[in-house]
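Chemist: One file: data.cif (mmCIF, C-alpha atoms).
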data_protein
loop_
_atom_site.label_atom_id
_atom_site.label_comp_id
_atom_site.auth_asym_id
_atom_site.auth_seq_id
_atom_site.Cartn_x
_atom_site.Cartn_y
_atom_site.Cartn_z
CA MET A 1 -11.75 -16.48 -13.45
CA SER A 2 -9.30 -14.96 -15.91
CA ASN A 3 -6.64 -17.26 -17.32
CA ASN A 4 -4.83 -14.49 -19.18
CA ASN A 5 -3.24 -12.64 -16.28
CA THR A 6 -0.03 -10.76 -16.81
CA TYR A 7 2.25 -10.02 -13.89
CA TYR A 8 4.56 -7.07 -13.41
CA ALA A 9 8.27 -7.93 -13.32
CA PRO A 10 11.12 -5.44 -12.88
CA THR A 11 13.62 -4.99 -15.69
CA GLY A 12 16.22 -2.86 -13.94
CA GLY A 13 17.96 -0.02 -15.72
CA LEU A 14 18.52 3.42 -14.22
CA PRO A 15 16.36 6.55 -14.35
CA PRO A 16 17.73 9.48 -16.36
CA GLN A 17 19.79 12.18 -14.68
CA THR A 18 16.94 14.61 -15.38
CA GLN A 19 14.49 12.76 -13.14
CA ILE A 20 13.57 14.33 -9.80
CA THR A 21 14.85 12.45 -6.77
CA ALA A 22 11.84 12.12 -4.48
CA ASP A 23 9.74 8.97 -4.98
CA ARG A 24 7.05 6.99 -3.13
CA ALA A 25 9.43 4.83 -1.09
CA ILE A 26 8.49 4.67 2.60
CA PHE A 27 10.02 2.85 5.57
CA LYS A 28 8.29 3.25 8.92
CA ASP A 29 8.04 1.33 12.18
CA ALA A 30 4.89 -0.53 11.07
CA TYR A 31 5.30 -0.90 7.31
CA ALA A 32 7.47 -0.31 4.28
CA LEU A 33 6.54 0.52 0.69
CA ILE A 34 9.11 -0.35 -1.95
CA PRO A 35 7.79 1.09 -5.23
CA LYS A 36 8.67 -0.45 -8.57
CA GLY A 37 10.68 2.61 -9.58
CA VAL A 38 13.45 1.94 -7.06
CA MET A 39 14.20 -1.57 -8.37
CA SER A 40 17.10 -0.42 -10.51
CA ASP A 41 20.35 -2.08 -11.56
CA ILE A 42 22.33 -0.63 -8.65
CA VAL A 43 20.28 -2.33 -5.92
CA THR A 44 20.58 -5.90 -7.22
CA SER A 45 22.26 -8.71 -5.29
CA TYR A 46 23.87 -12.03 -6.26
CA LEU A 47 24.21 -15.48 -4.70
CA PRO A 48 26.96 -18.13 -4.70
CA PHE A 49 26.56 -21.20 -6.90
CA TRP A 50 24.25 -19.41 -9.37
CA ASP A 51 25.00 -18.64 -13.02
CA ASP A 52 23.76 -15.58 -14.92
CA MET A 53 21.36 -14.36 -12.22
CA ARG A 54 20.65 -11.26 -10.24
CA MET A 55 17.96 -10.48 -7.69
CA TRP A 56 16.20 -7.70 -5.86
CA VAL A 57 15.93 -8.41 -2.12
CA ILE A 58 12.60 -6.88 -1.09
CA ALA A 59 12.28 -8.40 2.40
CA ARG A 60 14.67 -9.85 4.95
CA PRO A 61 14.25 -10.60 8.66
CA LEU A 62 14.82 -7.45 10.72
CA SER A 63 14.76 -7.42 14.52
CA GLY A 64 11.82 -5.36 15.75
CA PHE A 65 10.14 -5.29 12.35
CA ALA A 66 9.14 -8.35 10.28
CA GLU A 67 11.21 -11.32 11.37
CA THR A 68 9.84 -14.50 9.81
CA PHE A 69 10.69 -14.40 6.08
CA SER A 70 12.79 -13.16 3.20
CA GLN A 71 11.60 -12.41 -0.32
CA TYR A 72 13.60 -12.03 -3.52
CA ILE A 73 12.70 -11.16 -7.10
CA VAL A 74 15.13 -13.31 -9.10
CA GLU A 75 16.03 -12.75 -12.76
CA VAL A 76 17.87 -15.56 -14.57
CA ALA A 77 19.28 -15.16 -18.07
CA PRO A 78 19.04 -17.86 -20.75
CA LYS A 79 21.00 -20.99 -19.77
CA GLY A 80 21.49 -19.61 -16.26
CA GLY A 81 20.43 -21.25 -13.02
CA SER A 82 21.87 -23.25 -10.14
CA GLU A 83 22.64 -26.81 -9.14
CA LYS A 84 22.90 -25.65 -5.51
CA PRO A 85 20.33 -22.89 -5.02
CA GLU A 86 19.43 -23.26 -1.32
CA LEU A 87 22.24 -23.48 1.24
CA ASP A 88 20.12 -23.64 4.42
CA ASP A 89 18.57 -27.02 5.25
CA ALA A 90 16.09 -25.33 7.60
CA ALA A 91 14.66 -23.11 4.85
CA GLN A 92 11.46 -23.87 2.99
CA GLY A 93 10.64 -21.92 -0.13
CA VAL A 94 8.02 -20.87 -2.62
CA LEU A 95 8.81 -19.93 -6.22
CA PHE A 96 6.27 -17.98 -8.29
CA VAL A 97 7.07 -17.14 -11.92
CA VAL A 98 6.06 -13.65 -13.06
CA GLY A 99 7.73 -13.65 -16.48
CA GLY A 100 9.24 -16.27 -18.78
CA GLN A 101 9.70 -19.96 -18.13
CA MET A 102 12.12 -22.27 -16.38
CA ASP A 103 12.82 -25.89 -15.53
CA ILE A 104 13.06 -27.09 -11.94
CA THR A 105 14.07 -30.54 -10.75
CA ILE A 106 12.79 -31.54 -7.29
CA GLU A 107 14.13 -34.73 -5.73
CA GLY A 108 15.07 -35.97 -9.19
CA VAL A 109 11.70 -35.20 -10.83
CA ALA A 110 11.71 -32.57 -13.60
CA HIS A 111 9.02 -29.89 -13.88
CA HIS A 112 8.50 -27.04 -16.33
CA LEU A 113 7.14 -23.76 -14.97
CA ASP A 114 5.62 -21.13 -17.23
CA THR A 115 4.48 -17.67 -16.17
CA GLY A 116 2.12 -18.16 -13.22
CA GLY A 117 3.90 -21.38 -12.22
CA TYR A 118 4.25 -22.10 -8.50
CA ALA A 119 6.50 -24.51 -6.60
CA TYR A 120 6.59 -25.29 -2.87
CA LEU A 121 9.95 -26.58 -1.63
CA PRO A 122 10.04 -28.10 1.90
CA PRO A 123 13.08 -27.81 4.19
CA GLY A 124 15.96 -30.05 3.24
CA CYS A 125 14.55 -30.52 -0.25
CA ASN A 126 17.02 -31.30 -3.06
CA TRP A 127 16.23 -29.07 -6.04
CA THR A 128 17.92 -27.43 -9.00
CA ILE A 129 16.82 -24.76 -11.44
CA ARG A 130 17.69 -23.86 -15.02
CA ASN A 131 16.44 -21.40 -17.63
CA ASN A 132 16.50 -23.44 -20.84
CA SER A 133 14.59 -20.80 -22.82
CA ASP A 134 15.91 -17.97 -25.01
CA GLU A 135 14.57 -15.17 -22.77
CA ASN A 136 15.03 -14.09 -19.18
CA VAL A 137 12.85 -15.68 -16.52
CA THR A 138 11.77 -13.71 -13.44
CA PHE A 139 10.32 -15.27 -10.31
CA HIS A 140 9.65 -14.52 -6.66
CA TRP A 141 11.47 -16.64 -4.12
CA ILE A 142 9.99 -16.54 -0.61
CA ARG A 143 11.96 -18.28 2.15
CA LYS A 144 11.11 -19.09 5.75
CA ALA A 145 12.80 -21.25 8.37
CA TYR A 146 10.38 -24.11 8.87
CA GLN A 147 8.90 -24.36 12.37
CA TYR A 148 8.64 -28.07 13.21
CA VAL A 149 5.91 -29.41 15.50
CA GLU A 150 6.27 -32.78 17.25
CA GLY A 151 3.87 -35.24 15.63
CA LEU A 152 3.65 -33.38 12.30
CA GLU A 153 5.77 -34.09 9.26
CA ALA A 154 6.88 -31.25 7.01
CA PRO A 155 4.74 -30.86 3.86
CA GLU A 156 5.76 -32.50 0.60
CA ALA A 157 6.99 -30.53 -2.39
CA PHE A 158 4.43 -29.71 -5.05
CA VAL A 159 4.14 -27.80 -8.32
CA THR A 160 1.04 -26.05 -9.66
CA SER A 161 0.10 -22.75 -11.33
CA ASP A 162 -2.13 -19.73 -10.90
CA GLN A 163 -3.97 -20.69 -14.09
CA ASP A 164 -4.77 -24.22 -12.92
CA LEU A 165 -6.56 -23.33 -9.69
CA SER A 166 -9.98 -21.85 -9.03
CA ARG A 167 -10.37 -18.81 -6.82
CA THR A 168 -12.11 -19.03 -3.45
CA ASP A 169 -14.52 -16.15 -2.85
CA MET A 170 -14.34 -14.35 0.47
CA PRO A 171 -17.63 -14.59 2.41
CA ASP A 172 -20.33 -12.01 1.64
CA THR A 173 -18.41 -10.38 -1.22
CA ASP A 174 -20.19 -11.84 -4.30
CA GLY A 175 -16.83 -12.70 -5.87
CA VAL A 176 -15.46 -9.16 -5.69
CA TRP A 177 -12.73 -10.38 -3.30
CA SER A 178 -11.19 -13.82 -3.79
CA THR A 179 -8.06 -15.84 -3.07
CA THR A 180 -6.14 -18.39 -5.11
CA ARG A 181 -5.07 -20.80 -2.37
CA PHE A 182 -2.05 -22.85 -3.34
CA MET A 183 -1.80 -24.39 0.14
CA ASP A 184 -4.65 -26.11 1.98
CA PRO A 185 -5.58 -23.72 4.82
CA THR A 186 -6.68 -26.67 6.99
CA ASP A 187 -3.32 -28.45 6.68
CA MET A 188 -1.47 -27.72 9.93
CA ARG A 189 1.83 -28.89 8.47
CA PHE A 190 2.16 -25.53 6.71
CA ASP A 191 3.53 -22.69 8.84
CA MET A 192 3.22 -20.14 6.04
CA HIS A 193 0.78 -19.43 3.23
CA VAL A 194 1.77 -17.84 -0.06
CA ASN A 195 -1.34 -17.11 -2.11
CA VAL A 196 -2.64 -14.70 -4.74
CA VAL A 197 -5.40 -12.30 -3.70
CA THR A 198 -7.71 -10.77 -6.33
CA PHE A 199 -10.10 -7.80 -6.18
CA GLN A 200 -12.46 -6.84 -8.94
CA PRO A 201 -12.54 -3.11 -9.82
CA GLY A 202 -14.02 -1.15 -6.93
CA GLY A 203 -13.52 -3.94 -4.40
CA VAL A 204 -12.39 -3.11 -0.90
CA ILE A 205 -11.06 -4.49 2.34
CA PRO A 206 -13.80 -2.74 4.35
CA PHE A 207 -12.02 -2.51 7.69
CA ASP A 208 -8.50 -2.11 9.07
CA GLU A 209 -7.25 -5.67 9.45
CA THR A 210 -5.09 -5.79 12.58
CA HIS A 211 -3.58 -9.20 13.22
CA VAL A 212 -0.52 -11.12 14.27
CA MET A 213 0.56 -12.29 10.80
CA GLU A 214 3.45 -10.57 9.07
CA HIS A 215 2.82 -9.79 5.42
CA GLY A 216 4.63 -9.37 2.16
CA LEU A 217 2.32 -8.04 -0.58
CA TYR A 218 3.73 -7.76 -4.11
CA VAL A 219 1.30 -6.13 -6.53
CA LEU A 220 1.08 -8.31 -9.63
CA GLU A 221 -1.60 -6.33 -11.49
CA GLY A 222 -3.69 -3.19 -11.17
CA LYS A 223 -3.69 -0.38 -8.65
CA ALA A 224 -5.25 0.53 -5.29
CA VAL A 225 -5.09 2.91 -2.36
CA TYR A 226 -3.97 1.23 0.87
CA HIS A 227 -4.67 2.39 4.41
CA LEU A 228 -1.57 1.40 6.41
CA ASN A 229 -1.26 2.27 10.09
CA GLY A 230 -3.53 5.30 9.67
CA GLU A 231 -1.96 6.61 6.45
CA TRP A 232 -3.16 6.35 2.84
CA VAL A 233 -0.65 5.26 0.17
CA GLU A 234 -1.18 4.61 -3.53
CA VAL A 235 0.16 1.34 -4.94
CA GLU A 236 0.35 -0.13 -8.42
CA ALA A 237 1.68 -3.20 -10.22
CA GLY A 238 5.31 -3.75 -9.30
CA ASP A 239 5.10 -2.21 -5.81
CA PHE A 240 5.85 -4.19 -2.65
CA MET A 241 4.30 -3.64 0.78
CA TRP A 242 6.05 -5.12 3.79
CA LEU A 243 3.98 -5.18 6.98
CA ARG A 244 5.02 -6.11 10.50
CA ALA A 245 2.62 -7.89 12.88
CA PHE A 246 -0.47 -5.88 13.87
CA CYS A 247 0.01 -3.17 11.22
CA PRO A 248 -3.58 -2.00 10.43
CA GLN A 249 -4.34 -2.52 6.73
CA ALA A 250 -7.27 -1.90 4.38
CA CYS A 251 -7.66 -0.91 0.73
CA TYR A 252 -9.81 0.53 -2.04
CA THR A 253 -9.10 -0.84 -5.52
CA GLY A 254 -8.96 1.52 -8.44
CA GLY A 255 -9.58 -0.43 -11.64
CA PRO A 256 -10.04 -0.45 -14.56
CA GLY A 257 -8.89 -4.07 -14.34
CA GLU A 258 -8.33 -6.56 -11.53
CA PHE A 259 -6.08 -5.76 -8.58
CA ARG A 260 -3.97 -8.81 -7.69
CA TYR A 261 -1.11 -9.39 -5.30
CA LEU A 262 1.13 -12.20 -4.13
CA LEU A 263 0.63 -12.51 -0.37
CA TYR A 264 2.89 -14.06 2.28
CA LYS A 265 1.78 -14.65 5.86
CA ASP A 266 2.97 -16.83 8.76
CA VAL A 267 0.28 -19.16 10.14
CA ASN A 268 -0.61 -22.20 12.27
CA ARG A 269 1.95 -21.95 15.06
CA HIS A 270 2.06 -20.94 18.73
CA MET A 271 3.62 -17.58 19.49
CA PRO A 272 7.21 -18.05 20.73
CA PHE A 273 8.17 -16.53 24.07
CA ILE A 274 11.23 -14.51 24.91
CA ARG A 275 12.39 -16.54 27.88
CA PRO A 276 14.36 -15.00 30.75
CA GLU A 277 17.91 -16.21 31.20
CA LYS A 278 18.36 -18.67 34.06
#
Produce structure tokens that represent the structure in this file.

Modeler:
Amino acid sequence: MSNNNTYYAPTGGLPPQTQITADRAIFKDAYALIPKGVMSDIVTSYLPFWDDMRMWVIARPLSGFAETFSQYIVEVAPKGGSEKPELDDAAQGVLFVVGGQMDITIEGVAHHLDTGGYAYLPPGCNWTIRNNSDENVTFHWIRKAYQYVEGLEAPEAFVTSDQDLSRTDMPDTDGVWSTTRFMDPTDMRFDMHVNVVTFQPGGVIPFDETHVMEHGLYVLEGKAVYHLNGEWVEVEAGDFMWLRAFCPQACYTGGPGEFRYLLYKDVNRHMPFIRPEK
């Protein structure tokens, strides 16, 4: 396991007027590809009760597409942050730092997150965040309305890091395909998993996965060719793939280094019904 991973983080800016317009951005019924090149200054958003921040919204619930989660890439300048970051008591969150460092206080307990740091924040959690360093910090913020189940408590908050955990090899892959599992997959309290998936150069997903989970896949490192709903697309560090339920997906990784991505999926709950009106 490498402990020296670097993660791609957008820096904004604008392309020159001489650049051609067409890019790799794709939005279709089954999937979307948001390439790193479109994450410019003019597509950033802002939130109330935050200081010196901006963010790229790369996923939001859309009826008829992917409906369970939102995902932001947040950039906070030195001394920036928020004493009131989450305004929805039903929302749980995951923060994953891809550049810089920051301080987060959860229920009165202070934690320091460096690059690769990870925090799970349950619904109704009281937390604050501040960049006390001299450089920008950039992190992913994945949010999902928690789906309560009678007899199960919501999970507790926790803080860890990519560097502190061992990877779990996928069966029959000899370590070519592995997952850093931040959440216990046997713990039914969790209704989402946010993990890091790693492929060694030349590794593959050898079949078109077709399943009920929605996905957000942000490429942290490396490059690959993905097979999405019957079409091949090239992806590299900084790209984001957004997949609705049952979108077929497979990949070949290109090397020369590891291919790694931050993966969201919804898990461990019955499928809700659309009930007829009485």

Chemist: Check the smallest atom-to-atom distance from each of A:Glu234, A:Glu258, A:Asp239, A:Glu214 to A:Gln200 using all atoms listed in the file, then report the winner.

Modeler: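 Result for the nearest residue to A:Gln200: A:Glu258.
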
Chemist: Expressed in Å to a single decimal, how great is the separation between atom CA of A:Ser45 and atom CA of A:Gln19?

Modeler: 24.1 Å

Chemist: Every residue with an atom at most 8 Å from (3.1, 2.3, 7.4) (file coordinates; only C-alpha atoms) is what I'm after, so could you write them as a list of chain:residue names?

Modeler: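 Final list of nearby residues, as requested, is A:Ile26, A:Phe27, A:Lys28, A:Asp29, A:Ala30, A:Tyr31, A:Ala32, A:Leu33, A:Leu228, A:Asn229, A:Gly230, A:Glu231, A:Leu243, A:Cys247.
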
Chemist: Counting all atoms listed in the file, which of A:Pro48, A:Arg260, A:His215, A:Pro155 gets nearest to A:Val235?

Modeler: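 Of all the options, A:Arg260 lies closest to A:Val235.
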
Chemist: With 3 Å of padding per side, what axis-aligned box (centre and edge lengths, Å, one decimal) covers all the listed atoms of stretch 241-251 of chain A? Give it as lines of an AutoDock Vina configuration file.

Modeler:
center_x = -0.8
center_y = -4.4
center_z = 7.3
size_x = 19.7
size_y = 13.0
size_z = 19.1

Chemist: Taking the file as shown, find all residues satisfying the PyMOL selection byres ((chain A and resi 51) around 10) and write them as a list of chain:residue names.

Modeler: A:Tyr46, A:Leu47, A:Pro48, A:Phe49, A:Trp50, A:Asp52, A:Met53, A:Arg54, A:Val76, A:Ala77, A:Pro78, A:Lys79, A:Gly80, A:Gly81, A:Ser82, A:Glu83, A:Arg130

Chemist: Tell me which of A:Thr128, A:Thr253, A:Thr173, A:Ser63 sits closest to A:Ala224, counting all atoms listed in the file.

Modeler: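 Smallest separation from A:Ala224 among the options: A:Thr253.
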
Chemist: How far is it from atom CA of A:Lys223 to atom CA of A:Pro185, in Å with one decimal?

Modeler: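 Interatomic distance, atom CA of A:Lys223 to atom CA of A:Pro185: 27.0 Å.
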
Chemist: Counting only C-alpha atoms, which residues of stretch 187-250 of chain A sit at most 12 Å from some atom of stretch 103-124 of chain A, and what is each one's closest atom pair with its distance in Å to one decimal, listed by chain and rising residue number, as CSV?

Modeler:
residue,atom,partner,partner_atom,distance
A:Arg189,CA,A:Pro122,CA,10.5
A:Phe190,CA,A:Pro122,CA,9.6
A:Asp191,CA,A:Pro122,CA,10.9
A:Met192,CA,A:Tyr120,CA,10.8
A:His193,CA,A:Tyr120,CA,10.3
A:Val194,CA,A:Tyr120,CA,9.3
A:Asn195,CA,A:Tyr118,CA,9.8
A:Val196,CA,A:Gly116,CA,10.3
A:Leu220,CA,A:Gly116,CA,10.5

Chemist: Between atom CA of A:Gly100 and atom CA of A:Ile129, measure the distance and give it in Å to one decimal.

Modeler: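 Taking atom CA of A:Gly100 as the start and atom CA of A:Ile129 as the end point, the length is 13.5 Å.
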
Chemist: Choose the residue, out of A:Met241, A:Leu165, A:Ile142, A:Met271, that has the smallest atom-to-atom separation from A:Thr179; count all atoms listed in the file.

Modeler: A:Leu165

Chemist: Residues near A:Ile205, anyone? I mean within 9 Å using only C-alpha atoms, not counting same-chain ones fewer than 6 positions away, as a list of chain:residue names.

Modeler: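 My reading of the contact set: A:Trp177, A:Gln249, A:Ala250, A:Cys251, A:Tyr252, A:Thr253.
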
Chemist: Quick one: of A:Ser161, A:Gly93, A:Pro248, A:Phe69, who's nearest to A:Trp232, counting all atoms listed in the file?

Modeler: A:Pro248

Chemist: With a distance cut-off of 12 Å and all atoms listed in the file, select the neighbouring residues of A:Thr198, excluding the residue or stretch itself and same-chain residues fewer than 4 positions from it, and output the selection as an MDAnalysis selection string.

Modeler: chainID A and resid 1:2 5 162 166:170 173 175:181 202:205 217 219:224 253 255 257:263

Chemist: Find, counting only C-alpha atoms, the residue in A:Met55, A:Pro85, A:Ala91, A:Ala22 that gets nearest to A:Val43.

Modeler: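 Checking each of A:Met55, A:Pro85, A:Ala91, A:Ala22 against A:Val43, counting only C-alpha atoms, the winner is A:Met55.
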
Chemist: Once the PyMOL selection byres ((chain A and resi 67) around 12) has been applied to the shown file, what residues remain in the selection, as a list in words?

Modeler: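 With the shown file as input, the PyMOL selection byres ((chain A and resi 67) around 12) matches Ala59, Arg60, Pro61, Leu62, Ser63, Gly64, Phe65, Ala66, Thr68, Phe69, Ser70, Gln71, Arg143, Lys144, Ala145, Met213, Glu214, His215, Gly216, Trp242, Leu243, Arg244, Ala245, Lys265 and Asp266 of chain A.
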